[in-house]
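Here's the structure we're looking at; comments come further down.
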Amino acid sequence: MNIDFAPELEAFRSEVAEFFATAPTPTIREAGRKTTSVFAPFKECMQWHKILYEKGWVAPHWPKEHGGTGWSVEQRFIFAEEYRKADLPPLLPQSLGMIGPLLIDLGTEEQKARYLPGILNGDDFWAQGYSEPNSGSDLASLSCRADADGGDYVINGSKIWTTYAHHANRMFLLVRTSNEGKKQQGLTFLLLDRTDYPGMTIRPIIGLDGFPEQCEVFFDDVRVPQSGRIGAENDGWSVAKHLLKHERGGGGGASPALMRYCERARAAAAQTPSPFGGMLLDDPVFQREMGELEADIASLGHFEKLAISGHALARDPAFPSINKTINSELIQRASTLMMQVSGTDSLARQLEALRVGSNVEPLGSEFDLVSMPVYLDSRATTIYAGSNEVQRDLIARSLAAAGA
C-alpha cells in the first residue's frame, strides 16, 4: 500500500494552511501555544470548535452523512499536520472523538438525532464518567450503582478523574446495574443529557501542573431517563470496549502533534548553550536522542495512516492497544526531551503566565513556560484509557488467540 502523499494534494495543503493562517483569533492562537496536555484551554478551544464547524472541517474522521468532510486518508493527515504546524489548540476528544463516533456506530436513530448536532456545532460538551476511587484501570470493578425505577435509573456513587466535568453540560458513563455473574456482565452504558441533575455534585481537582483539569463527580439518588442507555442493560462492557477503540487512537492526529513538540524542542535547543560548548542542538548525544525520537514518531505516523486507510492491520483486535501504547510512551519521551532542553528554566511555577489572556510575562521563553506542565501532565498518558501494562496483556492475548 502506498501511503505517501500525491503531488496534487499540495493545493489542498495550501488551502488548509491559508485557513489556519487567517481564521483563528489571537486568543485562540495563544491557547494553542499554551496547551500543555491533550486538553486545551476550554473557552478558547470551544470558540475554535465553532469556527471549524462553520467551515465544515470540525469532524474530518466522521462519515460524510453525519457531518464529516469526506476527505481521503491523505487529506485527513495533511489537515492534522498543518493543524499542529500552526500551533492551534487540539479539539477536545470526548465529544468528537469518543461519544460522537460511538453514537454513529451504536446509537438509536433517536439518540443520533438528539445528540449528534450539538456535538458537531459545539453547543454541547461531554465528560466521560468511567474511573472511580477504587476502580481505575480495572474498570470492570466499578461500583457506582444505577437501579431501574419506572422509566428512570436512580444513580448512587461517585466518579473521579472526570476530565473537564466542571465545563460539561452532558456526560456518558458506566454504571453497575447487576452484581450477578462476572463483574463485566453487570455494567450499563448511560448518557446524561445534563450535568446539573438534582443530587449531582461536581468538584474540580487541582493537578500537579496547577490546573483543575480533572474532577470528582458525586451522585446521590440522581434520576436519569432510561432512554439515555446505549445498548442493552448489563451489556455496557461491550459498548465501552467499542468506545475504547476510538479513545485509544489511530485517527491520525497524534504523530503530527508529537513531531511539533520535537520541532519546538529543536528550535529551543538551537538557542540553548551546551555545557560542552556551542549550542545544545549541535551536541552529538542530543542529536542522536532527537533523531531516534523523530524516527519513532515518523513510524507512528505511518501506523496511523494505516489506521484511517481501511488496511486490514487496523481491524486487528490488538491494534487500538498497540497504538495507545506506542503513542503514550512517545509523548513521555518527547516531554522528557523538552525538559532536557529547558533545564532549570522550566522549574518556576508560572500559573498566571500560562493563563490565556494574561499580561504576565513568563520567566524565560514561552517554550520554557510550557515544558514542565507538559512533562507533568504526560506522566498520566501510560495510565489513562487503560494502563500500558493492561494494553500489553491485551496485545499478548490477541496474538495468542491468532496463533502467533
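Starting from 1 in every chain, residues are counted up; chains themselves are A, B, ... following the order of the C-alpha cells, and ligands are numbered from 1 as listed.
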Taking only residues of stretch 72-136 of chain A that have an atom at most 12 Å from an atom of stretch 221-236 of chain A, what is each one's shortest atom pair and its distance in Å to one decimal, using only C-alpha atoms, in chain and number order, as a tab-separated table?
residue	atom	partner	partner_atom	distance
A:Ile99	CA	A:Ile230	CA	10.6
A:Leu102	CA	A:Ile230	CA	9.2
A:Leu103	CA	A:Ile230	CA	8.2
A:Ile104	CA	A:Ile230	CA	11.3
A:Asp105	CA	A:Ile230	CA	10.6
A:Leu106	CA	A:Ile230	CA	7.1
A:Gly107	CA	A:Ile230	CA	6.1
A:Thr108	CA	A:Ile230	CA	7.8
A:Glu109	CA	A:Ile230	CA	11.4
A:Glu110	CA	A:Ser227	CA	9.4
A:Gln111	CA	A:Gly228	CA	7.7
A:Lys112	CA	A:Ile230	CA	11.0
A:Arg114	CA	A:Gly228	CA	10.4
A:Tyr115	CA	A:Gly228	CA	10.4
A:Tyr130	CA	A:Gly236	CA	11.4
Given the selection you just returned, output its residues as a file containing N, CA and C atoms, formatted as a PDB file, in the first residue's frame.
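Output file result-v4.pdb is given in full below:
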ATOM      1  N   ILE A  99     -17.699   9.941  22.106  1.00  0.00           N
ATOM      2  CA  ILE A  99     -19.136   9.646  22.160  1.00  0.00           C
ATOM      3  C   ILE A  99     -19.790   9.848  20.800  1.00  0.00           C
ATOM      4  N   LEU A 102     -19.194   6.760  18.726  1.00  0.00           N
ATOM      5  CA  LEU A 102     -19.947   5.658  19.340  1.00  0.00           C
ATOM      6  C   LEU A 102     -21.426   5.748  18.987  1.00  0.00           C
ATOM      7  N   LEU A 103     -21.994   6.958  19.064  1.00  0.00           N
ATOM      8  CA  LEU A 103     -23.402   7.133  18.697  1.00  0.00           C
ATOM      9  C   LEU A 103     -23.635   6.780  17.238  1.00  0.00           C
ATOM     10  N   ILE A 104     -22.713   7.185  16.378  1.00  0.00           N
ATOM     11  CA  ILE A 104     -22.843   6.856  14.955  1.00  0.00           C
ATOM     12  C   ILE A 104     -22.863   5.348  14.763  1.00  0.00           C
ATOM     13  N   ASP A 105     -22.041   4.636  15.522  1.00  0.00           N
ATOM     14  CA  ASP A 105     -21.945   3.186  15.369  1.00  0.00           C
ATOM     15  C   ASP A 105     -23.082   2.434  16.054  1.00  0.00           C
ATOM     16  N   LEU A 106     -23.440   2.844  17.281  1.00  0.00           N
ATOM     17  CA  LEU A 106     -24.323   2.028  18.112  1.00  0.00           C
ATOM     18  C   LEU A 106     -25.590   2.734  18.598  1.00  0.00           C
ATOM     19  N   GLY A 107     -25.677   4.037  18.434  1.00  0.00           N
ATOM     20  CA  GLY A 107     -26.828   4.755  18.948  1.00  0.00           C
ATOM     21  C   GLY A 107     -28.090   4.496  18.144  1.00  0.00           C
ATOM     22  N   THR A 108     -29.246   4.707  18.788  1.00  0.00           N
ATOM     23  CA  THR A 108     -30.518   4.617  18.066  1.00  0.00           C
ATOM     24  C   THR A 108     -30.666   5.842  17.171  1.00  0.00           C
ATOM     25  N   GLU A 109     -31.587   5.777  16.243  1.00  0.00           N
ATOM     26  CA  GLU A 109     -31.821   6.936  15.380  1.00  0.00           C
ATOM     27  C   GLU A 109     -32.255   8.139  16.203  1.00  0.00           C
ATOM     28  N   GLU A 110     -33.030   7.901  17.252  1.00  0.00           N
ATOM     29  CA  GLU A 110     -33.473   8.997  18.121  1.00  0.00           C
ATOM     30  C   GLU A 110     -32.287   9.613  18.855  1.00  0.00           C
ATOM     31  N   GLN A 111     -31.366   8.782  19.329  1.00  0.00           N
ATOM     32  CA  GLN A 111     -30.195   9.293  20.039  1.00  0.00           C
ATOM     33  C   GLN A 111     -29.287  10.072  19.094  1.00  0.00           C
ATOM     34  N   LYS A 112     -29.108   9.587  17.879  1.00  0.00           N
ATOM     35  CA  LYS A 112     -28.293  10.311  16.912  1.00  0.00           C
ATOM     36  C   LYS A 112     -28.894  11.682  16.618  1.00  0.00           C
ATOM     37  N   ARG A 114     -30.850  13.419  18.468  1.00  0.00           N
ATOM     38  CA  ARG A 114     -30.855  14.267  19.650  1.00  0.00           C
ATOM     39  C   ARG A 114     -29.472  14.822  19.967  1.00  0.00           C
ATOM     40  N   TYR A 115     -28.437  14.005  19.807  1.00  0.00           N
ATOM     41  CA  TYR A 115     -27.138  14.378  20.357  1.00  0.00           C
ATOM     42  C   TYR A 115     -26.085  14.789  19.322  1.00  0.00           C
ATOM     43  N   TYR A 130     -16.007   7.362  33.873  1.00  0.00           N
ATOM     44  CA  TYR A 130     -15.558   5.968  33.940  1.00  0.00           C
ATOM     45  C   TYR A 130     -14.904   5.662  35.293  1.00  0.00           C
TER      46      TYR A 130
END
Problem - Non-local contacts of A:His167 (12 Å; only C-alpha atoms; under 4 positions in same chain excluded) as a VMD selection string - result: chain A and resid 41 to 43 45 to 46 92 123 to 128 162 to 163 171 194 to 196 202 to 204 212 to 215
I need the chosen residues saved as a CSV table (one decimal), in the first residue's frame, with N, CA, C and O atoms.
chain,number,residue,atom,x,y,z
A,41,PRO,N,-7.1,24.8,26.7
A,41,PRO,CA,-7.9,25.7,27.5
A,41,PRO,C,-9.4,25.7,26.9
A,41,PRO,O,-9.6,25.9,25.7
A,42,PHE,N,-10.3,25.6,27.8
A,42,PHE,CA,-11.7,25.2,27.4
A,42,PHE,C,-12.4,26.3,26.6
A,42,PHE,O,-12.9,26.0,25.5
A,43,LYS,N,-12.4,27.5,27.1
A,43,LYS,CA,-13.2,28.6,26.4
A,43,LYS,C,-12.7,28.8,25.0
A,43,LYS,O,-13.5,28.8,24.0
A,45,CYS,N,-10.8,26.9,23.2
A,45,CYS,CA,-10.9,25.6,22.4
A,45,CYS,C,-12.3,25.5,21.7
A,45,CYS,O,-12.5,25.2,20.6
A,46,MET,N,-13.3,25.8,22.5
A,46,MET,CA,-14.7,25.7,22.0
A,46,MET,C,-15.0,26.8,21.0
A,46,MET,O,-15.8,26.7,20.1
A,92,LEU,N,-11.3,19.1,21.8
A,92,LEU,CA,-11.4,18.2,23.0
A,92,LEU,C,-12.0,16.8,22.5
A,92,LEU,O,-13.0,16.8,21.8
A,123,ASP,N,-22.3,23.2,20.7
A,123,ASP,CA,-23.3,23.6,21.8
A,123,ASP,C,-23.2,22.7,23.0
A,123,ASP,O,-23.4,23.2,24.1
A,124,ASP,N,-22.8,21.5,22.8
A,124,ASP,CA,-22.7,20.5,23.9
A,124,ASP,C,-21.3,20.0,24.1
A,124,ASP,O,-20.5,19.9,23.1
A,125,PHE,N,-20.9,19.8,25.3
A,125,PHE,CA,-19.6,19.2,25.6
A,125,PHE,C,-19.8,18.1,26.6
A,125,PHE,O,-20.5,18.3,27.6
A,126,TRP,N,-19.2,16.9,26.3
A,126,TRP,CA,-19.5,15.7,27.0
A,126,TRP,C,-18.3,15.4,27.9
A,126,TRP,O,-17.1,15.4,27.4
A,127,ALA,N,-18.5,15.0,29.1
A,127,ALA,CA,-17.5,14.4,30.0
A,127,ALA,C,-17.6,12.9,30.0
A,127,ALA,O,-18.7,12.4,29.8
A,128,GLN,N,-16.6,12.2,30.4
A,128,GLN,CA,-16.5,10.8,30.4
A,128,GLN,C,-16.5,10.3,31.9
A,128,GLN,O,-15.5,10.5,32.6
A,162,THR,N,-12.5,12.8,36.2
A,162,THR,CA,-13.5,13.0,35.1
A,162,THR,C,-13.1,14.4,34.4
A,162,THR,O,-13.5,15.4,34.9
A,163,THR,N,-12.4,14.3,33.3
A,163,THR,CA,-11.8,15.5,32.7
A,163,THR,C,-12.9,16.5,32.3
A,163,THR,O,-13.8,16.2,31.5
A,171,MET,N,-22.9,14.1,29.9
A,171,MET,CA,-21.9,13.1,30.4
A,171,MET,C,-22.3,11.7,29.9
A,171,MET,O,-23.5,11.4,29.8
A,194,ARG,N,-27.6,16.2,30.8
A,194,ARG,CA,-27.3,17.4,31.5
A,194,ARG,C,-26.4,17.0,32.7
A,194,ARG,O,-26.3,15.8,33.1
A,195,THR,N,-25.7,18.0,33.2
A,195,THR,CA,-24.8,17.7,34.4
A,195,THR,C,-25.2,18.5,35.6
A,195,THR,O,-24.4,18.7,36.5
A,196,ASP,N,-26.5,18.9,35.6
A,196,ASP,CA,-27.0,19.6,36.8
A,196,ASP,C,-28.2,19.0,37.4
A,196,ASP,O,-29.1,19.6,37.9
A,202,ILE,N,-20.3,18.2,41.3
A,202,ILE,CA,-19.0,18.2,40.5
A,202,ILE,C,-18.0,19.0,41.3
A,202,ILE,O,-18.2,20.2,41.6
A,203,ARG,N,-16.8,18.4,41.6
A,203,ARG,CA,-15.8,19.1,42.4
A,203,ARG,C,-14.5,19.0,41.6
A,203,ARG,O,-13.9,17.9,41.5
A,204,PRO,N,-13.9,20.1,41.1
A,204,PRO,CA,-12.6,20.1,40.4
A,204,PRO,C,-11.5,19.6,41.3
A,204,PRO,O,-11.5,19.8,42.5
A,212,PRO,N,-7.1,22.9,37.2
A,212,PRO,CA,-8.3,22.0,37.5
A,212,PRO,C,-8.8,21.3,36.3
A,212,PRO,O,-9.9,21.5,35.8
A,213,GLU,N,-8.0,20.3,35.8
A,213,GLU,CA,-8.4,19.6,34.6
A,213,GLU,C,-9.3,18.4,34.9
A,213,GLU,O,-10.3,18.1,34.2
A,214,GLN,N,-9.0,17.8,36.0
A,214,GLN,CA,-9.8,16.6,36.4
A,214,GLN,C,-10.9,17.0,37.5
A,214,GLN,O,-10.8,18.1,38.1
A,215,CYS,N,-11.9,16.1,37.7
A,215,CYS,CA,-12.9,16.4,38.6
A,215,CYS,C,-13.3,15.1,39.4
A,215,CYS,O,-13.2,14.0,38.8
Each residue of stretch 239-352 of chain A with at least one atom at most 8 Å from stretch 381-403 of chain A should appear once, together with its nearest atom pair and the corresponding distance in Å (one decimal); atoms considered: only C-alpha atoms; ordering: chain, then increasing residue number; output as a Markdown table.
| residue | atom | partner | partner_atom | distance |
| --- | --- | --- | --- | --- |
| A:Leu244 | CA | A:Ala385 | CA | 7.2 |
| A:Glu247 | CA | A:Ala385 | CA | 6.9 |
| A:Arg248 | CA | A:Ala385 | CA | 6.5 |
| A:Pro317 | CA | A:Ser398 | CA | 6.7 |
| A:Ala318 | CA | A:Ile395 | CA | 5.1 |
| A:Ser321 | CA | A:Gln391 | CA | 5.1 |
| A:Ile322 | CA | A:Ile395 | CA | 6.9 |
| A:Lys324 | CA | A:Gln391 | CA | 7.9 |
| A:Thr325 | CA | A:Asn388 | CA | 5.7 |
| A:Ser328 | CA | A:Thr381 | CA | 5.1 |
| A:Glu329 | CA | A:Thr382 | CA | 6.7 |
| A:Ile331 | CA | A:Thr381 | CA | 7.6 |
| A:Gln332 | CA | A:Thr381 | CA | 7.6 |
Residues of stretch 26-51 of chain A that approach stretch 57-70 of chain A to 9 Å or less, counting only C-alpha atoms: could you list each one with the shortest pair of atoms and its distance in Å to one decimal, rows by chain and increasing residue number, as CSV?
residue,atom,partner,partner_atom,distance
A:His49,CA,A:Val58,CA,6.5
A:Lys50,CA,A:Val58,CA,7.9
A:Ile51,CA,A:Val58,CA,8.3
Handout entry: Nearest-residue call for A:Pro320, choices A:Asn359, A:Leu243, A:Ser14, A:Val73, using only C-alpha atoms
Key = A:Leu243
Practice task
Could you give me the residues within stretch 222-323 of chain A that DSSP places in alpha helix (DSSP H), as number ranges by chain?
Solution key: A: 236-247, 254-269, 284-307, 319-323
Handout entry: Near-A:Tyr83 list (9 Å; only C-alpha atoms; drop same-chain fewer than 5 positions) as an NGL selection string
Key = :A and (16-17 or 20 or 78 or 88-90 or 256-257)
Handout entry: DSSP strand (DSSP E or B) selection over stretch 134-348 of chain A, as a PyMOL selection string
Key = chain A and resi 135+145-149+152-159+170-176+187-192+200-205+214-225+229-230+273+279
Fill in the blank from the handout: The distance between atom CA of A:Leu369 and atom CA of A:Pro93 is 24.4 Å
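Across A:Asp282, A:Asp316, A:Glu366, A:Glu74, the tightest approach to A:Pro7 is made by A:Glu74 when counting only C-alpha atoms.
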Exercise for the section: Within 12 Å of A:Thr344, counting only C-alpha atoms, which residues show up once you throw out same-chain ones fewer than 5 positions away? Write them as an NGL selection string, please. Expected result: :A and (272 or 338-339 or 349 or 363-364 or 368-369 or 371-372)
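Nearest residue to A:Ala240 among A:Phe79, A:Thr188, A:Gly122, A:Arg355 is A:Thr188, counting only C-alpha atoms.
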Exercise for the section: For atom CA of A:Val341 and atom CA of A:Asp209, quote the distance in Å rounded to one decimal. Expected result: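 Atom CA of A:Asp209 lies 18.7 Å from atom CA of A:Val341.
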